[in-house]
Each structure stands twice: as C-alpha cells, then as structure tokens.
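Novice: What follows is structure.json, made up of JSON, C-alpha atoms and all ligand atoms:
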[["chain", "number", "residue", "atom", "x", "y", "z"],
["A", 221, "THR", "CA", -23.30, -93.06, 80.98],
["A", 222, "ALA", "CA", -22.16, -95.20, 83.87],
["A", 223, "PRO", "CA", -20.19, -98.32, 82.91],
["A", 224, "ASN", "CA", -23.23, -100.49, 83.60],
["A", 225, "GLY", "CA", -25.27, -98.42, 81.17],
["A", 226, "ASP", "CA", -27.47, -97.01, 83.94],
["A", 227, "ILE", "CA", -29.42, -94.22, 82.24],
["A", 228, "SER", "CA", -30.16, -92.51, 85.56],
["A", 229, "ALA", "CA", -26.51, -91.54, 85.46],
["A", 230, "GLY", "CA", -27.37, -88.86, 82.81],
["A", 231, "PRO", "CA", -27.33, -86.13, 81.66],
["A", 232, "TRP", "CA", -27.57, -87.02, 78.01],
["A", 233, "VAL", "CA", -25.70, -84.52, 75.89],
["A", 234, "VAL", "CA", -27.82, -84.20, 72.75],
["A", 235, "GLY", "CA", -26.38, -82.67, 69.59],
["A", 236, "THR", "CA", -28.41, -80.56, 67.18],
["A", 237, "GLU", "CA", -27.78, -78.18, 64.28],
["A", 238, "PRO", "CA", -30.06, -75.35, 65.34],
["A", 239, "ALA", "CA", -30.91, -73.56, 62.09],
["A", 240, "PHE", "CA", -33.73, -75.80, 60.94],
["A", 241, "PRO", "CA", -37.06, -74.37, 62.05],
["A", 242, "PRO", "CA", -39.62, -75.54, 62.99],
["A", 243, "PHE", "CA", -37.56, -78.52, 64.22],
["A", 244, "GLU", "CA", -34.76, -76.62, 65.91],
["A", 245, "SER", "CA", -33.84, -72.97, 66.00],
["A", 246, "GLN", "CA", -32.55, -70.33, 68.35],
["A", 247, "SER", "CA", -34.87, -67.70, 69.77],
["A", 248, "ASP", "CA", -33.77, -64.04, 69.87],
["A", 249, "SER", "CA", -32.51, -64.64, 73.40],
["A", 250, "GLY", "CA", -30.46, -67.60, 72.22],
["A", 251, "GLU", "CA", -32.68, -70.33, 73.66],
["A", 252, "LEU", "CA", -33.10, -73.49, 71.59],
["A", 253, "GLU", "CA", -36.69, -74.11, 70.54],
["A", 254, "GLY", "CA", -38.64, -76.24, 68.12],
["A", 255, "PHE", "CA", -40.45, -79.52, 67.66],
["A", 256, "ASP", "CA", -37.31, -81.64, 68.12],
["A", 257, "ILE", "CA", -36.27, -79.65, 71.19],
["A", 258, "ASP", "CA", -39.65, -80.10, 72.91],
["A", 259, "LEU", "CA", -39.78, -83.76, 71.94],
["A", 260, "MET", "CA", -36.30, -84.48, 73.27],
["A", 261, "GLN", "CA", -37.02, -82.62, 76.54],
["A", 262, "ALA", "CA", -40.19, -84.68, 76.95],
["A", 263, "ILE", "CA", -38.28, -87.89, 76.24],
["A", 264, "GLY", "CA", -35.75, -86.94, 78.91],
["A", 265, "GLU", "CA", -38.52, -86.31, 81.43],
["A", 266, "GLN", "CA", -40.25, -89.56, 80.53],
["A", 267, "ALA", "CA", -37.01, -91.53, 80.80],
["A", 268, "GLY", "CA", -36.02, -89.73, 84.00],
["A", 269, "VAL", "CA", -32.80, -88.31, 82.65],
["A", 270, "ASP", "CA", -31.55, -84.74, 82.16],
["A", 271, "VAL", "CA", -31.05, -83.57, 78.62],
["A", 272, "GLU", "CA", -28.40, -81.00, 77.73],
["A", 273, "PHE", "CA", -28.27, -79.68, 74.17],
["A", 274, "GLU", "CA", -25.08, -79.01, 72.28],
["A", 275, "SER", "CA", -25.11, -77.10, 68.98],
["A", 276, "LEU", "CA", -22.97, -78.67, 66.28],
["A", 277, "PRO", "CA", -22.64, -78.45, 62.50],
["A", 278, "PHE", "CA", -25.02, -80.95, 60.86],
["A", 279, "ASP", "CA", -22.15, -82.90, 59.30],
["A", 280, "GLY", "CA", -20.46, -83.05, 62.71],
["A", 281, "LEU", "CA", -23.30, -84.88, 64.48],
["A", 282, "ILE", "CA", -22.49, -88.41, 63.35],
["A", 283, "PRO", "CA", -18.74, -88.02, 63.98],
["A", 284, "ALA", "CA", -19.58, -86.73, 67.48],
["A", 285, "LEU", "CA", -21.78, -89.76, 68.13],
["A", 286, "GLN", "CA", -19.00, -92.04, 66.90],
["A", 287, "ALA", "CA", -16.46, -90.27, 69.10],
["A", 288, "GLY", "CA", -18.85, -90.58, 72.05],
["A", 289, "THR", "CA", -18.79, -86.84, 72.82],
["A", 290, "ILE", "CA", -22.60, -86.71, 72.55],
["A", 291, "GLU", "CA", -25.11, -89.34, 73.66],
["A", 292, "ALA", "CA", -27.76, -88.59, 71.05],
["A", 293, "ALA", "CA", -28.52, -86.34, 68.09],
["A", 294, "ILE", "CA", -31.93, -84.90, 67.23],
["A", 295, "SER", "CA", -31.80, -82.71, 64.17],
["A", 296, "GLY", "CA", -34.50, -83.57, 61.67],
["A", 297, "MET", "CA", -32.13, -86.35, 60.72],
["A", 298, "THR", "CA", -33.38, -88.80, 58.14],
["A", 299, "ILE", "CA", -32.94, -92.48, 58.91],
["A", 300, "THR", "CA", -30.82, -93.78, 56.02],
["A", 301, "GLU", "CA", -29.12, -97.06, 55.37],
["A", 302, "GLU", "CA", -25.77, -95.35, 55.02],
["A", 303, "ARG", "CA", -26.06, -93.61, 58.40],
["A", 304, "SER", "CA", -27.31, -96.81, 60.00],
["A", 305, "GLN", "CA", -23.92, -98.38, 59.30],
["A", 306, "THR", "CA", -22.32, -96.02, 61.83],
["A", 307, "VAL", "CA", -25.07, -95.03, 64.29],
["A", 308, "ASP", "CA", -28.29, -96.51, 65.66],
["A", 309, "PHE", "CA", -31.64, -94.75, 65.18],
["A", 310, "SER", "CA", -34.69, -94.62, 67.40],
["A", 311, "ARG", "CA", -38.02, -95.64, 65.94],
["A", 312, "PRO", "CA", -39.14, -93.06, 63.34],
["A", 313, "TYR", "CA", -40.75, -89.98, 64.91],
["A", 314, "PHE", "CA", -41.61, -87.78, 61.90],
["A", 315, "ARG", "CA", -42.46, -88.30, 58.23],
["A", 316, "ALA", "CA", -40.87, -85.80, 55.83],
["A", 317, "GLY", "CA", -39.51, -85.71, 52.28],
["A", 318, "LEU", "CA", -37.39, -83.62, 49.97],
["A", 319, "ALA", "CA", -38.85, -80.76, 47.96],
["A", 320, "ILE", "CA", -37.47, -78.53, 45.22],
["A", 321, "ALA", "CA", -37.67, -74.78, 45.82],
["A", 322, "VAL", "CA", -37.17, -72.26, 43.02],
["A", 323, "ALA", "CA", -37.71, -68.55, 42.45],
["A", 324, "ALA", "CA", -41.37, -67.57, 42.61],
["A", 325, "ASP", "CA", -41.30, -66.43, 38.95],
["A", 326, "ASP", "CA", -39.59, -69.60, 37.63],
["A", 327, "SER", "CA", -42.08, -71.48, 35.47],
["A", 328, "GLU", "CA", -39.54, -73.84, 33.88],
["A", 329, "THR", "CA", -38.41, -75.91, 36.83],
["A", 330, "THR", "CA", -40.96, -78.51, 37.73],
["A", 331, "SER", "CA", -38.98, -81.66, 38.54],
["A", 332, "LEU", "CA", -35.51, -83.09, 39.19],
["A", 333, "GLU", "CA", -35.02, -83.62, 35.43],
["A", 334, "THR", "CA", -35.58, -79.94, 34.69],
["A", 335, "LEU", "CA", -32.68, -79.07, 37.03],
["A", 336, "GLU", "CA", -30.13, -80.50, 34.60],
["A", 337, "GLY", "CA", -27.15, -78.15, 34.27],
["A", 338, "LYS", "CA", -28.54, -75.74, 36.89],
["A", 339, "THR", "CA", -27.05, -74.43, 40.13],
["A", 340, "ILE", "CA", -28.55, -76.14, 43.18],
["A", 341, "ALA", "CA", -27.96, -74.86, 46.73],
["A", 342, "VAL", "CA", -28.05, -77.37, 49.61],
["A", 343, "GLN", "CA", -27.04, -77.84, 53.22],
["A", 344, "ILE", "CA", -23.84, -79.84, 53.52],
["A", 345, "GLY", "CA", -24.13, -83.46, 54.62],
["A", 346, "THR", "CA", -27.89, -83.72, 54.08],
["A", 347, "THR", "CA", -30.07, -86.05, 52.06],
["A", 348, "GLY", "CA", -30.88, -82.99, 49.91],
["A", 349, "ALA", "CA", -27.19, -82.57, 49.11],
["A", 350, "LYS", "CA", -27.02, -86.20, 48.11],
["A", 351, "MET", "CA", -30.06, -85.87, 45.84],
["A", 352, "ALA", "CA", -28.61, -82.75, 44.20],
["A", 353, "GLY", "CA", -25.48, -84.75, 43.41],
["A", 354, "THR", "CA", -27.52, -87.09, 41.22],
["A", 355, "VAL", "CA", -28.66, -84.32, 38.85],
["A", 356, "LYS", "CA", -26.84, -84.38, 35.53],
["A", 357, "ASP", "CA", -24.35, -81.54, 35.03],
["A", 358, "ALA", "CA", -25.72, -79.62, 38.00],
["A", 359, "LYS", "CA", -23.45, -77.31, 39.96],
["A", 360, "VAL", "CA", -24.08, -78.03, 43.64],
["A", 361, "SER", "CA", -23.26, -75.21, 46.10],
["A", 362, "THR", "CA", -23.11, -76.36, 49.70],
["A", 363, "PHE", "CA", -23.90, -74.24, 52.75],
["A", 364, "ASP", "CA", -23.61, -74.76, 56.49],
["A", 365, "SER", "CA", -27.35, -74.36, 57.01],
["A", 366, "ALA", "CA", -30.61, -74.67, 55.10],
["A", 367, "PRO", "CA", -31.50, -70.96, 55.62],
["A", 368, "LEU", "CA", -28.19, -69.98, 53.98],
["A", 369, "ALA", "CA", -28.96, -72.22, 50.99],
["A", 370, "LEU", "CA", -32.46, -70.70, 50.70],
["A", 371, "GLN", "CA", -30.99, -67.19, 50.93],
["A", 372, "GLU", "CA", -28.73, -68.01, 47.98],
["A", 373, "LEU", "CA", -31.82, -68.90, 45.95],
["A", 374, "SER", "CA", -33.67, -65.79, 47.13],
["A", 375, "ASN", "CA", -30.67, -63.64, 46.11],
["A", 376, "GLY", "CA", -30.76, -65.11, 42.62],
["A", 377, "ASN", "CA", -27.38, -66.84, 42.98],
["A", 378, "ALA", "CA", -28.80, -70.35, 42.70],
["A", 379, "ASP", "CA", -31.56, -71.80, 40.53],
["A", 380, "ALA", "CA", -32.96, -74.15, 43.14],
["A", 381, "VAL", "CA", -32.70, -75.56, 46.66],
["A", 382, "ILE", "CA", -33.28, -79.20, 47.53],
["A", 383, "ASN", "CA", -34.26, -79.39, 51.18],
["A", 384, "ASP", "CA", -36.75, -81.08, 53.51],
["A", 385, "ALA", "CA", -40.25, -79.92, 52.56],
["A", 386, "PRO", "CA", -41.42, -79.08, 56.10],
["A", 387, "ALA", "CA", -38.40, -76.82, 56.67],
["A", 388, "THR", "CA", -38.65, -75.04, 53.31],
["A", 389, "LEU", "CA", -42.41, -74.57, 53.66],
["A", 390, "ASP", "CA", -41.93, -73.14, 57.15],
["A", 391, "ALA", "CA", -39.31, -70.67, 55.87],
["A", 392, "ILE", "CA", -41.77, -69.47, 53.20],
["A", 393, "ALA", "CA", -44.78, -69.36, 55.53],
["A", 394, "THR", "CA", -42.98, -67.40, 58.26],
["A", 395, "GLY", "CA", -41.50, -64.94, 55.78],
["A", 396, "ASN", "CA", -37.96, -65.97, 56.72],
["A", 397, "ILE", "CA", -37.34, -66.25, 52.99],
["A", 398, "ASP", "CA", -38.76, -64.15, 50.16],
["A", 399, "GLY", "CA", -39.57, -64.76, 46.50],
["A", 400, "VAL", "CA", -39.32, -68.53, 46.72],
["A", 401, "LYS", "CA", -41.84, -71.30, 46.05],
["A", 402, "VAL", "CA", -41.95, -75.10, 46.22],
["A", 403, "VAL", "CA", -42.59, -76.95, 42.95],
["A", 404, "GLY", "CA", -43.51, -80.44, 41.85],
["A", 405, "GLU", "CA", -43.97, -83.54, 43.89],
["A", 406, "LEU", "CA", -41.95, -84.55, 46.92],
["A", 407, "LEU", "CA", -38.79, -86.28, 45.66],
["A", 408, "THR", "CA", -38.64, -88.74, 48.54],
["A", 409, "GLU", "CA", -40.44, -90.01, 51.59],
["A", 410, "GLU", "CA", -38.10, -89.81, 54.58],
["A", 411, "PHE", "CA", -38.46, -90.59, 58.25],
["A", 412, "TYR", "CA", -36.62, -88.76, 60.99],
["A", 413, "GLY", "CA", -35.00, -90.66, 63.83],
["A", 414, "ILE", "CA", -33.01, -89.76, 66.91],
["A", 415, "ALA", "CA", -29.48, -91.07, 66.45],
["A", 416, "MET", "CA", -27.40, -92.71, 69.16],
["A", 417, "PRO", "CA", -23.95, -94.29, 69.11],
["A", 418, "LYS", "CA", -23.94, -97.86, 67.83],
["A", 419, "ASP", "CA", -25.06, -100.28, 70.53],
["A", 420, "SER", "CA", -25.80, -97.49, 73.00],
["A", 421, "PRO", "CA", -27.16, -98.89, 76.28],
["A", 422, "ASN", "CA", -29.63, -95.98, 76.24],
["A", 423, "LEU", "CA", -31.39, -96.76, 72.97],
["A", 424, "GLU", "CA", -34.01, -98.94, 74.58],
["A", 425, "ALA", "CA", -34.90, -96.33, 77.20],
["A", 426, "LEU", "CA", -35.12, -93.72, 74.44],
["A", 427, "ASN", "CA", -37.47, -95.87, 72.36],
["A", 428, "THR", "CA", -39.61, -96.77, 75.36],
["A", 429, "ALA", "CA", -40.00, -93.11, 76.33],
["A", 430, "LEU", "CA", -40.83, -92.13, 72.74],
["A", 431, "ALA", "CA", -43.46, -94.86, 72.50],
["A", 432, "GLU", "CA", -45.00, -93.74, 75.80],
["A", 433, "LEU", "CA", -45.19, -90.12, 74.61],
["A", 434, "ILE", "CA", -46.93, -91.21, 71.43],
["A", 435, "GLU", "CA", -49.34, -93.30, 73.47],
["A", 436, "ASN", "CA", -50.14, -90.74, 76.18],
["A", 437, "GLY", "CA", -50.80, -87.83, 73.83],
["A", 438, "THR", "CA", -47.73, -85.75, 74.64],
["A", 439, "TYR", "CA", -46.33, -86.31, 71.16],
["A", 440, "ASN", "CA", -49.58, -84.97, 69.67],
["A", 441, "THR", "CA", -49.55, -81.91, 71.89],
["A", 442, "ILE", "CA", -46.02, -81.08, 70.77],
["A", 443, "TYR", "CA", -46.93, -81.76, 67.14],
["A", 444, "GLU", "CA", -49.91, -79.42, 67.32],
["A", 445, "LYS", "CA", -47.82, -76.71, 68.94],
["A", 446, "TRP", "CA", -45.40, -76.63, 66.00],
["A", 447, "PHE", "CA", -47.49, -77.78, 63.05],
["A", 448, "GLY", "CA", -51.06, -76.91, 64.00],
["A", 449, "ALA", "CA", -53.84, -79.41, 64.51],
["A", 501, "LIG", "N1", -33.43, -84.61, 56.85],
["A", 501, "LIG", "C1", -32.24, -84.16, 56.19],
["A", 501, "LIG", "C2", -31.10, -85.09, 56.49],
["A", 501, "LIG", "O1", -31.18, -85.89, 57.35],
["A", 501, "LIG", "C3", -31.85, -82.74, 56.58],
["A", 501, "LIG", "C4", -31.72, -82.48, 58.04],
["A", 501, "LIG", "C5", -31.12, -81.14, 58.37],
["A", 501, "LIG", "N2", -31.22, -80.88, 59.77],
["A", 501, "LIG", "C6", -30.75, -79.76, 60.36],
["A", 501, "LIG", "N3", -30.94, -79.60, 61.64],
["A", 501, "LIG", "N4", -30.10, -78.88, 59.68],
["A", 501, "LIG", "O2", -30.09, -85.06, 55.84]]
For this file, write the structure as structure tokens.
Ligand code: ARG

Specialist:
Amino acid sequence: TAPNGDISAGPWVVGTEPAFPPFESQSDSGELEGFDIDLMQAIGEQAGVDVEFESLPFDGLIPALQAGTIEAAISGMTITEERSQTVDFSRPYFRAGLAIAVAADDSETTSLETLEGKTIAVQIGTTGAKMAGTVKDAKVSTFDSAPLALQELSNGNADAVINDAPATLDAIATGNIDGVKVVGELLTEEFYGIAMPKDSPNLEALNTALAELIENGTYNTIYEKWFGA
C-alpha cells in the first residue's frame, strides 16, 4: 500500500490456509481454488486491485496481518471478539457453525456433553479447538489442518472432531473422508469475515467491493458454483 493508502497501488497479498474445501484448497496442479478464492478474486477485480495469494498456517494468518506481511486473510475465518482486538474484519460474508463429527457407527455421542473424557481432534488455532477446550476432561489433539484432524477420527485414533459444519460435510460428501458422520445440532452460529490489519486504509474499499458483488449477483453465482443453488 502506498503511504497515502491508495489501493490502486496493489497488489494485495492475501493469506489463506489452503486445506479447507470448499472454501480453499489446492487442485492437483497446485492451483488455489474454492469459494473464498473466487470471492477474493472478484473483490480484487471489483476494487481494481491485483490479488496475490500466499499460503500460510491458519494460526499464522493473524500474526502475518499484525506484522503487515499480508494485506488481508480469507480463510473461512470466523469473526470473533478476541480476533477483533488485533485485526479488523470485513462485513460478514458467510454463515457457518461448528459441528461434531464422530465415527459412523458411534451411537453414544450426540452432543458436547457426551464428549466428556473423550479424545477430540481439531485444527490448531480454530474456533473448533477453542470449543473442544471447554469439554470436561477431554483430551484435545491438535492438527495443522482440518483434513488431518478428520483423518485421525477416520483412523479410529480420536473419538470426535469439532470443525466448521460446511467443511466437515463437504469432506464427507466428496468422499475425502470415510466412515465419519455429523451428529447433533450445530454448536454455534459463526460468521466468516475477511481480516485486514487494524485500521487498514483498504478496509473500506474491500467492504464496498463486497457489497457491490452481493448486490450485482456475482456473490450468488460464486455461492452456487461451490454450494449448489
Ligand atoms: N472458522 C474457523 C475459525 O475461524 C475455522 C477456519 C479454518 N480455516 C481454514 N482455512 N483452515 O477458527
């Protein structure tokens, strides 16, 4: 960003943790793809600025924003009060929530309470990890990505995974993970936002572009591409 905050000075380097389909993932040829990727590209086009993605660990995104090495982060990131102390969020762009996944033949686990004393696999630094930490006597195993946490459950090395429902449901539906089901009600209602450094001069342009894409139907087209009509 130029010293005067001129957004045309782009490109915006946008951080993402790319193992979270259908929001962000890497195709066989290594290209980033997903709902977040398409949305961020469209925002860049609408705002007239180039977008360059940088893959980072999920728990490295906020530090990178604080250090100013990236201009934004789009990563299925839930807007939370805690994160809002250190970064600014765009307007919400997606409604999600946490779900419990267990082995397909588990008929005992139906809620957070029934996870007491169990082993719960989560992705490090996520709202799911935080929720798992509230379960009495649970052993929480942390992984660098949600697919790795789900694999641990599929292998029988964990009793449950707490993860964003849309991501877990996608992993089951696409066959990326076997022998796993979602149980009970959603544990939370969460809204994703695009994070920017505190007081970024680009936040307003980002929000304006996002609002225009919602208004002109582009957001819907991208939504339908990744989630069906
Ligand atoms: N929504 C959850 C959070 O903000 C999980 C996001 C994980 N995103 C990812 N790209 N791995 O903590």

Novice: Set the distance at 9 Å and use all atoms listed in the file: which residues neighbour range 251-258 of chain A once local chain neighbours fewer than 2 positions away are removed? I'd like the list as a PDB file with C-alpha atoms, in the coordinates of the input.

Specialist:
ATOM      1  CA  THR A 236     -28.410 -80.560  67.180  1.00  0.00           C
ATOM      2  CA  PRO A 238     -30.060 -75.350  65.340  1.00  0.00           C
ATOM      3  CA  PHE A 240     -33.730 -75.800  60.940  1.00  0.00           C
ATOM      4  CA  PRO A 241     -37.060 -74.370  62.050  1.00  0.00           C
ATOM      5  CA  PRO A 242     -39.620 -75.540  62.990  1.00  0.00           C
ATOM      6  CA  PHE A 243     -37.560 -78.520  64.220  1.00  0.00           C
ATOM      7  CA  GLU A 244     -34.760 -76.620  65.910  1.00  0.00           C
ATOM      8  CA  SER A 245     -33.840 -72.970  66.000  1.00  0.00           C
ATOM      9  CA  GLN A 246     -32.550 -70.330  68.350  1.00  0.00           C
ATOM     10  CA  SER A 247     -34.870 -67.700  69.770  1.00  0.00           C
ATOM     11  CA  ASP A 248     -33.770 -64.040  69.870  1.00  0.00           C
ATOM     12  CA  SER A 249     -32.510 -64.640  73.400  1.00  0.00           C
ATOM     13  CA  MET A 260     -36.300 -84.480  73.270  1.00  0.00           C
ATOM     14  CA  GLN A 261     -37.020 -82.620  76.540  1.00  0.00           C
ATOM     15  CA  ALA A 262     -40.190 -84.680  76.950  1.00  0.00           C
ATOM     16  CA  ILE A 263     -38.280 -87.890  76.240  1.00  0.00           C
ATOM     17  CA  PHE A 273     -28.270 -79.680  74.170  1.00  0.00           C
ATOM     18  CA  ILE A 294     -31.930 -84.900  67.230  1.00  0.00           C
ATOM     19  CA  SER A 295     -31.800 -82.710  64.170  1.00  0.00           C
ATOM     20  CA  GLY A 296     -34.500 -83.570  61.670  1.00  0.00           C
ATOM     21  CA  ILE A 442     -46.020 -81.080  70.770  1.00  0.00           C
ATOM     22  CA  TYR A 443     -46.930 -81.760  67.140  1.00  0.00           C
ATOM     23  CA  LYS A 445     -47.820 -76.710  68.940  1.00  0.00           C
ATOM     24  CA  TRP A 446     -45.400 -76.630  66.000  1.00  0.00           C
ATOM     25  CA  PHE A 447     -47.490 -77.780  63.050  1.00  0.00           C
TER      26      PHE A 447
END

Novice: Give the residue list for ligand LIG 501 (chain A) at 10 Å, counting all atoms listed in the file, as a VMD selection string, sorted by chain and then by residue number.

Specialist: chain A and resid 235 to 245 256 275 to 279 281 293 to 300 303 315 to 318 342 to 350 364 to 367 382 to 387 410 to 413

Novice: Please determine, counting all atoms listed in the file, which residue among A:Asp357, A:Glu424, A:Glu302, A:Glu409 has the shortest atom-to-atom distance to Thr334 in chain A.

Specialist: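 Result for the nearest residue to Thr334 in chain A: A:Asp357.
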
Novice: Do you have the CA of Thr408 in chain A-CA of Thr394 in chain A distance handy?

Specialist: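 Distance between the two atoms: 23.8 Å.
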
Novice: With all atoms listed in the file as the basis for distance, which of A:Ile290, A:Val271, A:Asn396, A:Glu336 is at the shortest distance from Leu259 in chain A?

Specialist: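 Using all atoms listed in the file, the shortest distance to Leu259 in chain A belongs to A:Val271.
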
Novice: Supply range 314-341 of chain A as a PDB file, in the coordinates of the input, with N, CA and C atoms built in where the input has gaps.

Specialist:
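Wrote it out as result_31.pdb, contents follow:
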ATOM      1  N   PHE A 314     -41.009 -88.820  62.753  1.00  0.00           N
ATOM      2  CA  PHE A 314     -41.610 -87.780  61.900  1.00  0.00           C
ATOM      3  C   PHE A 314     -41.456 -88.184  60.444  1.00  0.00           C
ATOM      4  N   ARG A 315     -42.530 -87.985  59.659  1.00  0.00           N
ATOM      5  CA  ARG A 315     -42.460 -88.300  58.230  1.00  0.00           C
ATOM      6  C   ARG A 315     -42.230 -87.013  57.442  1.00  0.00           C
ATOM      7  N   ALA A 316     -41.187 -86.989  56.622  1.00  0.00           N
ATOM      8  CA  ALA A 316     -40.870 -85.800  55.830  1.00  0.00           C
ATOM      9  C   ALA A 316     -40.536 -86.244  54.412  1.00  0.00           C
ATOM     10  N   GLY A 317     -39.911 -85.383  53.646  1.00  0.00           N
ATOM     11  CA  GLY A 317     -39.510 -85.710  52.280  1.00  0.00           C
ATOM     12  C   GLY A 317     -38.854 -84.491  51.673  1.00  0.00           C
ATOM     13  N   LEU A 318     -38.102 -84.722  50.617  1.00  0.00           N
ATOM     14  CA  LEU A 318     -37.390 -83.620  49.970  1.00  0.00           C
ATOM     15  C   LEU A 318     -38.281 -82.900  48.971  1.00  0.00           C
ATOM     16  N   ALA A 319     -38.118 -81.581  48.925  1.00  0.00           N
ATOM     17  CA  ALA A 319     -38.850 -80.760  47.960  1.00  0.00           C
ATOM     18  C   ALA A 319     -37.868 -79.851  47.222  1.00  0.00           C
ATOM     19  N   ILE A 320     -38.239 -79.499  45.999  1.00  0.00           N
ATOM     20  CA  ILE A 320     -37.470 -78.530  45.220  1.00  0.00           C
ATOM     21  C   ILE A 320     -38.082 -77.152  45.430  1.00  0.00           C
ATOM     22  N   ALA A 321     -37.230 -76.174  45.755  1.00  0.00           N
ATOM     23  CA  ALA A 321     -37.670 -74.780  45.820  1.00  0.00           C
ATOM     24  C   ALA A 321     -36.983 -74.009  44.715  1.00  0.00           C
ATOM     25  N   VAL A 322     -37.725 -73.096  44.093  1.00  0.00           N
ATOM     26  CA  VAL A 322     -37.170 -72.260  43.020  1.00  0.00           C
ATOM     27  C   VAL A 322     -37.686 -70.826  43.226  1.00  0.00           C
ATOM     28  N   ALA A 323     -37.212 -69.919  42.393  1.00  0.00           N
ATOM     29  CA  ALA A 323     -37.710 -68.550  42.450  1.00  0.00           C
ATOM     30  C   ALA A 323     -39.194 -68.522  42.121  1.00  0.00           C
ATOM     31  N   ALA A 324     -39.919 -67.628  42.761  1.00  0.00           N
ATOM     32  CA  ALA A 324     -41.370 -67.570  42.610  1.00  0.00           C
ATOM     33  C   ALA A 324     -41.787 -67.366  41.152  1.00  0.00           C
ATOM     34  N   ASP A 325     -40.936 -66.697  40.349  1.00  0.00           N
ATOM     35  CA  ASP A 325     -41.300 -66.430  38.950  1.00  0.00           C
ATOM     36  C   ASP A 325     -40.712 -67.451  37.965  1.00  0.00           C
ATOM     37  N   ASP A 326     -40.154 -68.538  38.485  1.00  0.00           N
ATOM     38  CA  ASP A 326     -39.590 -69.600  37.630  1.00  0.00           C
ATOM     39  C   ASP A 326     -40.726 -70.536  37.210  1.00  0.00           C
ATOM     40  N   SER A 327     -41.014 -70.586  35.917  1.00  0.00           N
ATOM     41  CA  SER A 327     -42.080 -71.480  35.470  1.00  0.00           C
ATOM     42  C   SER A 327     -41.510 -72.697  34.729  1.00  0.00           C
ATOM     43  N   GLU A 328     -40.167 -72.760  34.633  1.00  0.00           N
ATOM     44  CA  GLU A 328     -39.540 -73.840  33.880  1.00  0.00           C
ATOM     45  C   GLU A 328     -39.221 -75.063  34.732  1.00  0.00           C
ATOM     46  N   THR A 329     -38.841 -74.801  35.980  1.00  0.00           N
ATOM     47  CA  THR A 329     -38.410 -75.910  36.830  1.00  0.00           C
ATOM     48  C   THR A 329     -39.614 -76.551  37.489  1.00  0.00           C
ATOM     49  N   THR A 330     -39.790 -77.830  37.185  1.00  0.00           N
ATOM     50  CA  THR A 330     -40.960 -78.510  37.730  1.00  0.00           C
ATOM     51  C   THR A 330     -40.603 -79.868  38.320  1.00  0.00           C
ATOM     52  N   SER A 331     -39.360 -80.308  38.118  1.00  0.00           N
ATOM     53  CA  SER A 331     -38.980 -81.660  38.540  1.00  0.00           C
ATOM     54  C   SER A 331     -37.459 -81.738  38.625  1.00  0.00           C
ATOM     55  N   LEU A 332     -36.959 -82.859  39.107  1.00  0.00           N
ATOM     56  CA  LEU A 332     -35.510 -83.090  39.190  1.00  0.00           C
ATOM     57  C   LEU A 332     -34.868 -83.022  37.805  1.00  0.00           C
ATOM     58  N   GLU A 333     -35.559 -83.578  36.804  1.00  0.00           N
ATOM     59  CA  GLU A 333     -35.020 -83.620  35.430  1.00  0.00           C
ATOM     60  C   GLU A 333     -34.799 -82.209  34.889  1.00  0.00           C
ATOM     61  N   THR A 334     -35.695 -81.298  35.228  1.00  0.00           N
ATOM     62  CA  THR A 334     -35.580 -79.940  34.690  1.00  0.00           C
ATOM     63  C   THR A 334     -34.485 -79.133  35.396  1.00  0.00           C
ATOM     64  N   LEU A 335     -33.805 -79.750  36.351  1.00  0.00           N
ATOM     65  CA  LEU A 335     -32.680 -79.070  37.030  1.00  0.00           C
ATOM     66  C   LEU A 335     -31.347 -79.351  36.357  1.00  0.00           C
ATOM     67  N   GLU A 336     -31.365 -80.150  35.310  1.00  0.00           N
ATOM     68  CA  GLU A 336     -30.130 -80.500  34.600  1.00  0.00           C
ATOM     69  C   GLU A 336     -29.322 -79.260  34.238  1.00  0.00           C
ATOM     70  N   GLY A 337     -28.032 -79.261  34.614  1.00  0.00           N
ATOM     71  CA  GLY A 337     -27.150 -78.150  34.270  1.00  0.00           C
ATOM     72  C   GLY A 337     -27.337 -76.896  35.106  1.00  0.00           C
ATOM     73  N   LYS A 338     -28.240 -76.933  36.072  1.00  0.00           N
ATOM     74  CA  LYS A 338     -28.540 -75.740  36.890  1.00  0.00           C
ATOM     75  C   LYS A 338     -27.686 -75.707  38.160  1.00  0.00           C
ATOM     76  N   THR A 339     -27.750 -74.573  38.848  1.00  0.00           N
ATOM     77  CA  THR A 339     -27.050 -74.430  40.130  1.00  0.00           C
ATOM     78  C   THR A 339     -28.029 -74.733  41.260  1.00  0.00           C
ATOM     79  N   ILE A 340     -27.662 -75.710  42.098  1.00  0.00           N
ATOM     80  CA  ILE A 340     -28.550 -76.140  43.180  1.00  0.00           C
ATOM     81  C   ILE A 340     -27.852 -75.876  44.516  1.00  0.00           C
ATOM     82  N   ALA A 341     -28.509 -75.142  45.404  1.00  0.00           N
ATOM     83  CA  ALA A 341     -27.960 -74.860  46.730  1.00  0.00           C
ATOM     84  C   ALA A 341     -28.523 -75.858  47.742  1.00  0.00           C
TER      85      ALA A 341
END
